$ cat run27.cif   # mmCIF, N, CA and C atoms
data_model
#
loop_
_atom_site.label_atom_id
_atom_site.label_comp_id
_atom_site.auth_asym_id
_atom_site.auth_seq_id
_atom_site.Cartn_x
_atom_site.Cartn_y
_atom_site.Cartn_z
N GLN A 1 19.70 89.74 -16.31
CA GLN A 1 19.15 88.39 -16.18
C GLN A 1 20.15 87.53 -15.41
N VAL A 2 19.63 86.75 -14.49
CA VAL A 2 20.46 85.85 -13.69
C VAL A 2 19.87 84.45 -13.79
N GLN A 3 20.73 83.49 -14.05
CA GLN A 3 20.30 82.08 -14.03
C GLN A 3 20.98 81.39 -12.86
N LEU A 4 20.22 80.60 -12.13
CA LEU A 4 20.71 79.96 -10.92
C LEU A 4 20.63 78.44 -11.07
N VAL A 5 21.68 77.78 -10.61
CA VAL A 5 21.72 76.32 -10.66
C VAL A 5 22.17 75.80 -9.30
N GLU A 6 21.30 75.00 -8.67
CA GLU A 6 21.63 74.41 -7.38
C GLU A 6 22.28 73.04 -7.57
N SER A 7 23.11 72.68 -6.61
CA SER A 7 23.72 71.35 -6.59
C SER A 7 24.07 71.00 -5.15
N GLY A 8 24.41 69.74 -4.93
CA GLY A 8 24.87 69.32 -3.62
C GLY A 8 23.85 68.55 -2.80
N GLY A 9 22.65 68.40 -3.32
CA GLY A 9 21.65 67.63 -2.60
C GLY A 9 21.97 66.15 -2.61
N GLY A 10 21.20 65.40 -1.83
CA GLY A 10 21.42 63.95 -1.79
C GLY A 10 20.73 63.33 -0.61
N LEU A 11 21.09 62.08 -0.35
CA LEU A 11 20.53 61.31 0.77
C LEU A 11 21.56 61.26 1.89
N VAL A 12 21.12 61.59 3.10
CA VAL A 12 22.01 61.60 4.25
C VAL A 12 21.25 61.11 5.47
N GLN A 13 21.95 60.50 6.40
CA GLN A 13 21.32 60.05 7.63
C GLN A 13 21.13 61.22 8.59
N ALA A 14 20.16 61.08 9.45
CA ALA A 14 19.93 62.10 10.47
C ALA A 14 21.22 62.36 11.26
N GLY A 15 21.48 63.63 11.50
CA GLY A 15 22.71 64.02 12.18
C GLY A 15 23.86 64.34 11.23
N GLY A 16 23.68 64.01 9.97
CA GLY A 16 24.71 64.25 8.99
C GLY A 16 24.70 65.66 8.44
N SER A 17 25.56 65.89 7.46
CA SER A 17 25.72 67.23 6.88
C SER A 17 25.70 67.17 5.36
N LEU A 18 25.28 68.27 4.77
CA LEU A 18 25.36 68.48 3.34
C LEU A 18 25.69 69.95 3.10
N ARG A 19 26.34 70.23 1.97
CA ARG A 19 26.55 71.61 1.57
C ARG A 19 25.94 71.81 0.19
N LEU A 20 24.96 72.69 0.13
CA LEU A 20 24.34 73.03 -1.14
C LEU A 20 25.06 74.22 -1.76
N SER A 21 25.11 74.22 -3.07
CA SER A 21 25.70 75.33 -3.80
C SER A 21 24.67 75.91 -4.75
N CYS A 22 24.74 77.19 -4.95
CA CYS A 22 23.88 77.90 -5.90
C CYS A 22 24.82 78.73 -6.77
N GLU A 23 25.01 78.28 -8.00
CA GLU A 23 25.92 78.98 -8.90
C GLU A 23 25.11 79.82 -9.87
N ALA A 24 25.54 81.05 -10.04
CA ALA A 24 24.81 82.00 -10.87
C ALA A 24 25.59 82.40 -12.10
N SER A 25 24.86 82.65 -13.15
CA SER A 25 25.46 83.25 -14.34
C SER A 25 25.22 84.75 -14.28
N GLY A 26 26.00 85.51 -14.99
CA GLY A 26 25.80 86.95 -14.99
C GLY A 26 26.87 87.67 -14.21
N ARG A 27 27.39 88.72 -14.78
CA ARG A 27 28.50 89.45 -14.18
C ARG A 27 28.08 90.29 -12.99
N THR A 28 26.78 90.53 -12.83
CA THR A 28 26.33 91.41 -11.76
C THR A 28 25.78 90.65 -10.56
N PHE A 29 26.09 89.36 -10.46
CA PHE A 29 25.53 88.56 -9.37
C PHE A 29 25.89 89.13 -8.02
N SER A 30 27.03 89.78 -7.92
CA SER A 30 27.45 90.33 -6.63
C SER A 30 26.52 91.43 -6.14
N SER A 31 25.65 91.94 -7.00
CA SER A 31 24.71 92.97 -6.58
C SER A 31 23.34 92.39 -6.20
N TYR A 32 23.24 91.08 -6.17
CA TYR A 32 21.98 90.42 -5.85
C TYR A 32 21.99 89.83 -4.44
N ALA A 33 20.88 90.01 -3.75
CA ALA A 33 20.67 89.28 -2.50
C ALA A 33 20.13 87.90 -2.85
N VAL A 34 20.43 86.93 -2.02
CA VAL A 34 20.08 85.54 -2.32
C VAL A 34 19.40 84.89 -1.12
N GLY A 35 18.42 84.08 -1.43
CA GLY A 35 17.76 83.31 -0.39
C GLY A 35 17.70 81.85 -0.73
N TRP A 36 17.60 81.02 0.28
CA TRP A 36 17.32 79.60 0.11
C TRP A 36 15.91 79.33 0.64
N PHE A 37 15.18 78.53 -0.10
CA PHE A 37 13.83 78.11 0.27
C PHE A 37 13.77 76.59 0.16
N ARG A 38 12.74 76.00 0.75
CA ARG A 38 12.55 74.57 0.60
C ARG A 38 11.08 74.24 0.52
N GLN A 39 10.81 73.12 -0.13
CA GLN A 39 9.45 72.67 -0.30
C GLN A 39 9.38 71.17 -0.06
N ALA A 40 8.70 70.80 1.00
CA ALA A 40 8.50 69.39 1.32
C ALA A 40 7.30 68.87 0.54
N PRO A 41 7.21 67.55 0.34
CA PRO A 41 6.09 66.98 -0.41
C PRO A 41 4.75 67.38 0.18
N GLY A 42 3.88 67.89 -0.66
CA GLY A 42 2.55 68.25 -0.22
C GLY A 42 2.46 69.53 0.59
N LYS A 43 3.57 70.26 0.69
CA LYS A 43 3.58 71.49 1.49
C LYS A 43 3.99 72.69 0.64
N GLU A 44 3.77 73.86 1.17
CA GLU A 44 4.15 75.08 0.48
C GLU A 44 5.66 75.31 0.57
N ARG A 45 6.14 76.08 -0.38
CA ARG A 45 7.54 76.49 -0.35
C ARG A 45 7.73 77.51 0.77
N VAL A 46 8.78 77.31 1.56
CA VAL A 46 9.01 78.20 2.71
C VAL A 46 10.45 78.70 2.73
N PHE A 47 10.62 79.81 3.38
CA PHE A 47 11.92 80.46 3.50
C PHE A 47 12.82 79.68 4.45
N VAL A 48 14.12 79.65 4.11
CA VAL A 48 15.11 78.99 4.97
C VAL A 48 16.17 79.99 5.44
N ALA A 49 16.80 80.69 4.48
CA ALA A 49 17.90 81.58 4.85
C ALA A 49 18.08 82.64 3.77
N HIS A 50 18.74 83.75 4.18
CA HIS A 50 18.96 84.87 3.28
C HIS A 50 20.34 85.42 3.51
N ILE A 51 20.96 85.92 2.44
CA ILE A 51 22.24 86.61 2.58
C ILE A 51 22.22 87.85 1.72
N SER A 52 22.74 88.94 2.27
CA SER A 52 22.77 90.19 1.53
C SER A 52 23.77 90.13 0.38
N TRP A 53 23.76 91.13 -0.47
CA TRP A 53 24.62 91.11 -1.65
C TRP A 53 26.10 91.06 -1.26
N SER A 54 26.44 91.68 -0.16
CA SER A 54 27.84 91.72 0.27
C SER A 54 28.22 90.53 1.13
N GLY A 55 27.23 89.82 1.62
CA GLY A 55 27.49 88.74 2.56
C GLY A 55 27.53 89.22 4.00
N GLY A 56 27.34 90.51 4.19
CA GLY A 56 27.47 91.06 5.52
C GLY A 56 26.28 90.83 6.43
N ARG A 57 25.14 90.52 5.86
CA ARG A 57 23.95 90.26 6.66
C ARG A 57 23.35 88.93 6.27
N THR A 58 22.98 88.16 7.28
CA THR A 58 22.31 86.89 7.05
C THR A 58 21.09 86.80 7.96
N TYR A 59 20.17 85.92 7.57
CA TYR A 59 18.93 85.76 8.33
C TYR A 59 18.43 84.35 8.11
N TYR A 60 17.93 83.73 9.19
CA TYR A 60 17.50 82.33 9.12
C TYR A 60 16.11 82.16 9.72
N THR A 61 15.41 81.20 9.20
CA THR A 61 14.18 80.81 9.87
C THR A 61 14.55 80.09 11.16
N ASP A 62 13.68 80.16 12.15
CA ASP A 62 14.03 79.66 13.48
C ASP A 62 14.42 78.19 13.49
N SER A 63 13.78 77.39 12.66
CA SER A 63 14.00 75.94 12.72
C SER A 63 15.39 75.51 12.27
N VAL A 64 16.14 76.40 11.61
CA VAL A 64 17.47 76.02 11.14
C VAL A 64 18.58 76.82 11.82
N LYS A 65 18.23 77.76 12.67
CA LYS A 65 19.26 78.56 13.35
C LYS A 65 20.18 77.66 14.16
N GLY A 66 21.48 77.92 14.03
CA GLY A 66 22.46 77.12 14.75
C GLY A 66 22.85 75.83 14.04
N ARG A 67 22.11 75.46 12.99
CA ARG A 67 22.43 74.25 12.23
C ARG A 67 22.85 74.56 10.80
N PHE A 68 22.24 75.56 10.20
CA PHE A 68 22.53 75.93 8.81
C PHE A 68 23.31 77.24 8.77
N THR A 69 24.19 77.35 7.77
CA THR A 69 24.94 78.57 7.56
C THR A 69 24.94 78.93 6.08
N ILE A 70 24.51 80.14 5.80
CA ILE A 70 24.53 80.63 4.42
C ILE A 70 25.75 81.52 4.24
N SER A 71 26.40 81.39 3.09
CA SER A 71 27.58 82.19 2.81
C SER A 71 27.68 82.39 1.30
N ARG A 72 28.58 83.27 0.88
CA ARG A 72 28.73 83.49 -0.55
C ARG A 72 30.16 83.90 -0.88
N ILE A 73 30.57 83.55 -2.08
CA ILE A 73 31.83 84.01 -2.65
C ILE A 73 31.49 84.66 -3.97
N ASN A 74 31.43 85.96 -3.97
CA ASN A 74 30.99 86.68 -5.18
C ASN A 74 31.95 86.48 -6.35
N ALA A 75 33.23 86.31 -6.05
CA ALA A 75 34.19 86.10 -7.12
C ALA A 75 33.93 84.80 -7.87
N LYS A 76 33.22 83.88 -7.20
CA LYS A 76 32.86 82.60 -7.83
C LYS A 76 31.39 82.56 -8.23
N ASN A 77 30.68 83.67 -8.04
CA ASN A 77 29.24 83.72 -8.36
C ASN A 77 28.48 82.58 -7.69
N THR A 78 28.82 82.29 -6.46
CA THR A 78 28.25 81.14 -5.78
C THR A 78 27.82 81.48 -4.36
N VAL A 79 26.66 80.96 -4.00
CA VAL A 79 26.15 81.03 -2.63
C VAL A 79 26.04 79.61 -2.11
N TYR A 80 26.38 79.43 -0.84
CA TYR A 80 26.37 78.10 -0.23
C TYR A 80 25.35 78.05 0.92
N LEU A 81 24.89 76.83 1.17
CA LEU A 81 24.10 76.56 2.36
C LEU A 81 24.69 75.33 3.02
N GLN A 82 25.43 75.55 4.09
CA GLN A 82 25.99 74.45 4.87
C GLN A 82 24.93 73.97 5.85
N MET A 83 24.59 72.71 5.77
CA MET A 83 23.53 72.16 6.61
C MET A 83 24.12 71.07 7.49
N ASN A 84 24.11 71.30 8.79
CA ASN A 84 24.62 70.35 9.77
C ASN A 84 23.50 69.84 10.66
N SER A 85 23.76 68.76 11.35
CA SER A 85 22.77 68.17 12.28
C SER A 85 21.42 68.02 11.60
N LEU A 86 21.43 67.45 10.43
CA LEU A 86 20.20 67.34 9.65
C LEU A 86 19.19 66.42 10.32
N LYS A 87 17.94 66.77 10.13
CA LYS A 87 16.82 66.03 10.71
C LYS A 87 15.91 65.54 9.58
N PRO A 88 15.14 64.49 9.83
CA PRO A 88 14.21 64.03 8.79
C PRO A 88 13.27 65.14 8.30
N GLU A 89 12.91 66.04 9.18
CA GLU A 89 12.00 67.12 8.79
C GLU A 89 12.66 68.16 7.89
N ASP A 90 13.96 68.05 7.66
CA ASP A 90 14.64 68.92 6.69
C ASP A 90 14.50 68.39 5.27
N THR A 91 13.92 67.22 5.12
CA THR A 91 13.73 66.64 3.80
C THR A 91 12.84 67.53 2.94
N ALA A 92 13.34 67.89 1.77
CA ALA A 92 12.61 68.80 0.88
C ALA A 92 13.42 69.02 -0.39
N VAL A 93 12.79 69.66 -1.35
CA VAL A 93 13.53 70.22 -2.48
C VAL A 93 13.97 71.62 -2.07
N TYR A 94 15.24 71.89 -2.21
CA TYR A 94 15.80 73.18 -1.83
C TYR A 94 16.04 74.03 -3.07
N TYR A 95 15.60 75.28 -2.99
CA TYR A 95 15.73 76.21 -4.10
C TYR A 95 16.53 77.43 -3.65
N CYS A 96 17.37 77.93 -4.54
CA CYS A 96 17.94 79.24 -4.29
C CYS A 96 17.23 80.25 -5.17
N ALA A 97 17.20 81.47 -4.71
CA ALA A 97 16.51 82.54 -5.42
C ALA A 97 17.25 83.85 -5.18
N ALA A 98 17.06 84.80 -6.09
CA ALA A 98 17.81 86.04 -5.98
C ALA A 98 16.96 87.23 -6.42
N TYR A 99 17.32 88.40 -5.92
CA TYR A 99 16.72 89.64 -6.39
C TYR A 99 17.78 90.74 -6.35
N PRO A 100 17.67 91.72 -7.24
CA PRO A 100 18.65 92.80 -7.25
C PRO A 100 18.52 93.65 -6.00
N ALA A 101 19.64 93.79 -5.29
CA ALA A 101 19.60 94.46 -3.99
C ALA A 101 19.76 95.98 -4.08
N GLY A 102 20.22 96.48 -5.22
CA GLY A 102 20.36 97.93 -5.37
C GLY A 102 21.33 98.52 -4.37
N GLY A 103 22.25 97.72 -3.89
CA GLY A 103 23.25 98.23 -2.95
C GLY A 103 22.78 98.30 -1.52
N GLY A 104 21.51 97.95 -1.27
CA GLY A 104 21.01 98.02 0.09
C GLY A 104 21.16 96.70 0.82
N SER A 105 20.78 96.69 2.08
CA SER A 105 20.91 95.48 2.91
C SER A 105 19.55 94.96 3.35
N TYR A 106 18.53 95.31 2.58
CA TYR A 106 17.16 94.85 2.88
C TYR A 106 17.12 93.33 2.88
N ILE A 107 16.45 92.78 3.86
CA ILE A 107 16.30 91.34 3.98
C ILE A 107 14.82 90.98 3.85
N THR A 108 14.52 89.97 3.09
CA THR A 108 13.14 89.54 2.95
C THR A 108 13.04 88.04 2.87
N SER A 109 11.97 87.51 3.44
CA SER A 109 11.67 86.09 3.35
C SER A 109 10.48 85.84 2.42
N ARG A 110 10.00 86.88 1.78
CA ARG A 110 8.82 86.77 0.93
C ARG A 110 9.16 86.20 -0.44
N ILE A 111 8.53 85.11 -0.79
CA ILE A 111 8.79 84.47 -2.07
C ILE A 111 8.57 85.45 -3.22
N SER A 112 7.54 86.26 -3.11
CA SER A 112 7.16 87.15 -4.21
C SER A 112 8.22 88.21 -4.52
N GLU A 113 9.14 88.43 -3.61
CA GLU A 113 10.14 89.48 -3.82
C GLU A 113 11.40 88.96 -4.50
N TYR A 114 11.46 87.67 -4.71
CA TYR A 114 12.62 87.08 -5.38
C TYR A 114 12.31 86.93 -6.87
N SER A 115 13.20 87.48 -7.70
CA SER A 115 12.93 87.55 -9.13
C SER A 115 13.37 86.32 -9.90
N TYR A 116 14.43 85.70 -9.41
CA TYR A 116 15.04 84.59 -10.15
C TYR A 116 15.14 83.36 -9.26
N TRP A 117 14.88 82.20 -9.87
CA TRP A 117 14.84 80.95 -9.13
C TRP A 117 15.63 79.87 -9.87
N GLY A 118 16.23 78.99 -9.08
CA GLY A 118 16.85 77.80 -9.65
C GLY A 118 15.83 76.68 -9.78
N GLN A 119 16.29 75.54 -10.25
CA GLN A 119 15.40 74.41 -10.50
C GLN A 119 15.22 73.52 -9.28
N GLY A 120 16.06 73.71 -8.28
CA GLY A 120 15.93 72.95 -7.05
C GLY A 120 16.84 71.74 -6.99
N THR A 121 17.16 71.33 -5.77
CA THR A 121 17.95 70.12 -5.54
C THR A 121 17.32 69.37 -4.36
N GLN A 122 17.21 68.06 -4.50
CA GLN A 122 16.52 67.25 -3.49
C GLN A 122 17.46 66.93 -2.33
N VAL A 123 16.95 67.14 -1.13
CA VAL A 123 17.64 66.72 0.09
C VAL A 123 16.74 65.76 0.83
N THR A 124 17.26 64.57 1.10
CA THR A 124 16.50 63.56 1.82
C THR A 124 17.30 63.13 3.05
N VAL A 125 16.67 63.26 4.22
CA VAL A 125 17.32 62.89 5.47
C VAL A 125 16.59 61.68 6.04
N SER A 126 17.30 60.59 6.18
CA SER A 126 16.70 59.36 6.70
C SER A 126 16.88 59.27 8.21
N SER A 127 15.92 58.65 8.86
CA SER A 127 15.96 58.53 10.34
C SER A 127 16.68 57.28 10.76
#

$ encode --input "run27.cif" --output "structure tokens"
Amino acid sequence: QVQLVESGGGLVQAGGSLRLSCEASGRTFSSYAVGWFRQAPGKERVFVAHISWSGGRTYYTDSVKGRFTISRINAKNTVYLQMNSLKPEDTAVYYCAAYPAGGGSYITSRISEYSYWGQGTQVTVSS
């Protein structure tokens, strides 16, 4: 069982930066792949970024490539999402999610494949 807690959201002006954190409980977190998703008001939850269990592979949705960076420190049971050059359209509740990777480097953006979810953190970007 893994429990995830996001933090680091807030209000920022367009062009600014935020760093989100996803802290996990459980000694086996290092064996889990992690993704970040976001959900804007009135819209479906969508994939943002993914990182493999080792941190060796990452994947981003096109709209955030070059602006967002996902990383992890397994010794701290934490995954980060560094968000730079923020735009008003990045406004959403951001969720981290995880699934047991089984030692593989499979990458997925499918919500249904993530077993564990955090409660979300609000990011608001003003114009």

$ select_by_dssp --input "run27.cif" --residues "chain A" --states "strand (DSSP E)" --output "JSON, numbers by chain"
{"A": [4, 5, 6, 7, 10, 11, 12, 13, 18, 19, 20, 21, 22, 23, 24, 32, 33, 34, 35, 36, 37, 38, 39, 46, 47, 48, 49, 50, 51, 58, 59, 60, 68, 69, 70, 71, 72, 73, 78, 79, 80, 81, 82, 83, 92, 93, 94, 95, 96, 97, 98, 99, 100, 116, 117, 121, 122, 123, 124, 125, 126]}

$ atom_distance --input "run27.cif" --atom1 "atom CA of Asp90 of chain A" --atom2 "atom CA of Ala49 of chain A"
13.2 Å

$ atom_distance --input "run27.cif" --atom1 "atom N of Phe29 of chain A" --atom2 "atom C of Thr91 of chain A"
28.8 Å

$ atom_distance --input "run27.cif" --atom1 "atom CA of Glu6 of chain A" --atom2 "atom CA of Arg27 of chain A"
17.9 Å

$ closest_residue --input "run27.cif" --among "A:Gln13, A:Gln122, A:Ser63, A:Ser21" --to "Leu81 of chain A" --atoms "all atoms listed in the file"
A:Ser21

$ closest_residue --input "run27.cif" --among "A:Lys76, A:Val93, A:Glu113, A:Gly102" --to "Phe37 of chain A" --atoms "only N, CA and C atoms"
A:Val93

$ closest_residue --input "run27.cif" --among "A:Thr61, A:Ser7, A:Ser109, A:Thr121" --to "Cys22 of chain A" --atoms "only C-alpha atoms"
A:Ser7

$ residues_around --input "run27.cif" --residues "Val123 of chain A" --least-positions-apart "4" --cutoff "10 Å" --atoms "only C-alpha atoms" --output "CSV table (one decimal) with N, CA and C atoms, in the frame of the given file"
chain,number,residue,atom,x,y,z
A,8,GLY,N,24.4,69.7,-4.9
A,8,GLY,CA,24.9,69.3,-3.6
A,8,GLY,C,23.8,68.6,-2.8
A,9,GLY,N,22.6,68.4,-3.3
A,9,GLY,CA,21.6,67.6,-2.6
A,9,GLY,C,22.0,66.2,-2.6
A,10,GLY,N,21.2,65.4,-1.8
A,10,GLY,CA,21.4,64.0,-1.8
A,10,GLY,C,20.7,63.3,-0.6
A,11,LEU,N,21.1,62.1,-0.4
A,11,LEU,CA,20.5,61.3,0.8
A,11,LEU,C,21.6,61.3,1.9
A,12,VAL,N,21.1,61.6,3.1
A,12,VAL,CA,22.0,61.6,4.2
A,12,VAL,C,21.2,61.1,5.5
A,18,LEU,N,25.3,68.3,4.8
A,18,LEU,CA,25.4,68.5,3.3
A,18,LEU,C,25.7,70.0,3.1
A,20,LEU,N,25.0,72.7,0.1
A,20,LEU,CA,24.3,73.0,-1.1
A,20,LEU,C,25.1,74.2,-1.8
A,38,ARG,N,12.7,76.0,0.8
A,38,ARG,CA,12.6,74.6,0.6
A,38,ARG,C,11.1,74.2,0.5
A,40,ALA,N,8.7,70.8,1.0
A,40,ALA,CA,8.5,69.4,1.3
A,40,ALA,C,7.3,68.9,0.5
A,86,LEU,N,21.4,67.4,10.4
A,86,LEU,CA,20.2,67.3,9.6
A,86,LEU,C,19.2,66.4,10.3
A,88,PRO,N,15.1,64.5,9.8
A,88,PRO,CA,14.2,64.0,8.8
A,88,PRO,C,13.3,65.1,8.3
A,90,ASP,N,14.0,68.0,7.7
A,90,ASP,CA,14.6,68.9,6.7
A,90,ASP,C,14.5,68.4,5.3
A,91,THR,N,13.9,67.2,5.1
A,91,THR,CA,13.7,66.6,3.8
A,91,THR,C,12.8,67.5,2.9
A,92,ALA,N,13.3,67.9,1.8
A,92,ALA,CA,12.6,68.8,0.9
A,92,ALA,C,13.4,69.0,-0.4
A,93,VAL,N,12.8,69.7,-1.4
A,93,VAL,CA,13.5,70.2,-2.5
A,93,VAL,C,14.0,71.6,-2.1
A,94,TYR,N,15.2,71.9,-2.2
A,94,TYR,CA,15.8,73.2,-1.8
A,94,TYR,C,16.0,74.0,-3.1

$ resolve_selection --input "run27.cif" --expression "the PyMOL selection byres ((chain A and resi 115) around 7)" --output "count of residues only"
10

$ residues_around --input "run27.cif" --residues "Ile73 of chain A" --least-positions-apart "5" --cutoff "8 Å" --atoms "only N, CA and C atoms" --output "number ranges by chain"
A: 30, 55, 78-80

$ residues_around --input "run27.cif" --residues "Gly103 of chain A" --least-positions-apart "4" --cutoff "8 Å" --atoms "all atoms listed in the file" --output "list in words"
Ser30, Ser31, Tyr32, Ala33, Trp53 and Ser54 of chain A

$ closest_residue --input "run27.cif" --among "A:Lys43, A:Arg57, A:Arg19, A:His50" --to "Ser105 of chain A" --atoms "only C-alpha atoms"
A:Arg57

$ select_by_dssp --input "run27.cif" --residues "segment 13-88 of chain A" --states "helix (DSSP H, G or I)" --output "PyMOL selection string"
chain A and resi 29-31+62-64+74-76+88

$ residues_near_point --input "run27.cif" --point "(16.3, 61.0, 7.7)" --cutoff "5 Å" --atoms "all atoms listed in the file" --output "PyMOL selection string"
chain A and resi 13-14+87-88+125-127

$ closest_residue --input "run27.cif" --among "A:Met83, A:Leu4, A:Cys96, A:Ala101" --to "Ser52 of chain A" --atoms "all atoms listed in the file"
A:Ala101

$ decode --input "run27.cif" --residues "segment 29-96 of chain A" --atoms "C-alpha atoms" --output "compact mmCIF listing (two decimals), in the first residue's frame"
# COMPACT_ATOMS: atom_id res chain seq x y z
CA PHE A 29 8.12 3.43 -3.09
CA SER A 30 11.33 3.13 -5.06
CA SER A 31 9.74 0.27 -7.00
CA TYR A 32 6.82 2.40 -8.16
CA ALA A 33 6.51 4.45 -11.32
CA VAL A 34 4.90 7.84 -10.75
CA GLY A 35 2.87 10.18 -12.86
CA TRP A 36 1.51 13.69 -12.51
CA PHE A 37 -1.96 14.51 -13.78
CA ARG A 38 -4.06 17.66 -13.71
CA GLN A 39 -7.70 18.54 -13.80
CA ALA A 40 -8.96 21.97 -14.75
CA PRO A 41 -12.45 23.13 -13.69
CA GLY A 42 -15.11 21.43 -15.75
CA LYS A 43 -12.60 19.27 -17.61
CA GLU A 44 -11.36 15.72 -17.43
CA ARG A 45 -8.23 14.70 -15.60
CA VAL A 46 -5.31 14.51 -18.02
CA PHE A 47 -1.77 13.22 -18.02
CA VAL A 48 1.12 15.65 -17.49
CA ALA A 49 4.34 13.71 -16.83
CA HIS A 50 5.72 10.30 -15.88
CA ILE A 51 8.90 9.02 -14.29
CA SER A 52 10.09 5.45 -14.09
CA TRP A 53 10.86 3.76 -10.79
CA SER A 54 14.57 4.45 -11.18
CA GLY A 55 14.17 7.96 -12.52
CA GLY A 56 15.93 6.91 -15.68
CA ARG A 57 12.98 7.46 -18.00
CA THR A 58 10.64 10.41 -18.18
CA TYR A 59 7.77 11.33 -20.47
CA TYR A 60 5.74 14.51 -20.88
CA THR A 61 2.62 15.61 -22.58
CA ASP A 62 3.42 17.96 -25.45
CA SER A 63 1.98 21.08 -23.84
CA VAL A 64 4.50 21.02 -20.98
CA LYS A 65 7.64 19.81 -22.75
CA GLY A 66 10.52 22.19 -22.17
CA ARG A 67 8.71 23.89 -19.27
CA PHE A 68 8.09 21.12 -16.72
CA THR A 69 10.59 18.65 -15.28
CA ILE A 70 9.73 15.55 -13.31
CA SER A 71 12.33 14.06 -10.98
CA ARG A 72 12.54 11.84 -7.93
CA ILE A 73 14.68 11.12 -4.90
CA ASN A 74 13.86 7.61 -3.79
CA ALA A 75 15.80 7.98 -0.56
CA LYS A 76 13.30 10.69 0.37
CA ASN A 77 10.26 8.85 -1.05
CA THR A 78 9.52 11.99 -3.03
CA VAL A 79 8.76 12.89 -6.64
CA TYR A 80 8.91 16.48 -7.84
CA LEU A 81 7.37 18.45 -10.66
CA GLN A 82 9.28 21.62 -11.43
CA MET A 83 7.03 23.94 -13.41
CA ASN A 84 8.57 26.93 -15.17
CA SER A 85 7.17 29.52 -17.57
CA LEU A 86 3.71 28.89 -16.22
CA LYS A 87 0.70 29.90 -18.28
CA PRO A 88 -2.91 30.58 -17.26
CA GLU A 89 -3.90 27.37 -19.04
CA ASP A 90 -1.77 25.42 -16.55
CA THR A 91 -4.31 26.29 -13.86
CA ALA A 92 -5.67 23.05 -12.42
CA VAL A 93 -5.63 20.68 -9.49
CA TYR A 94 -2.49 18.59 -9.83
CA TYR A 95 -2.43 14.98 -8.70
CA CYS A 96 0.38 12.51 -8.36
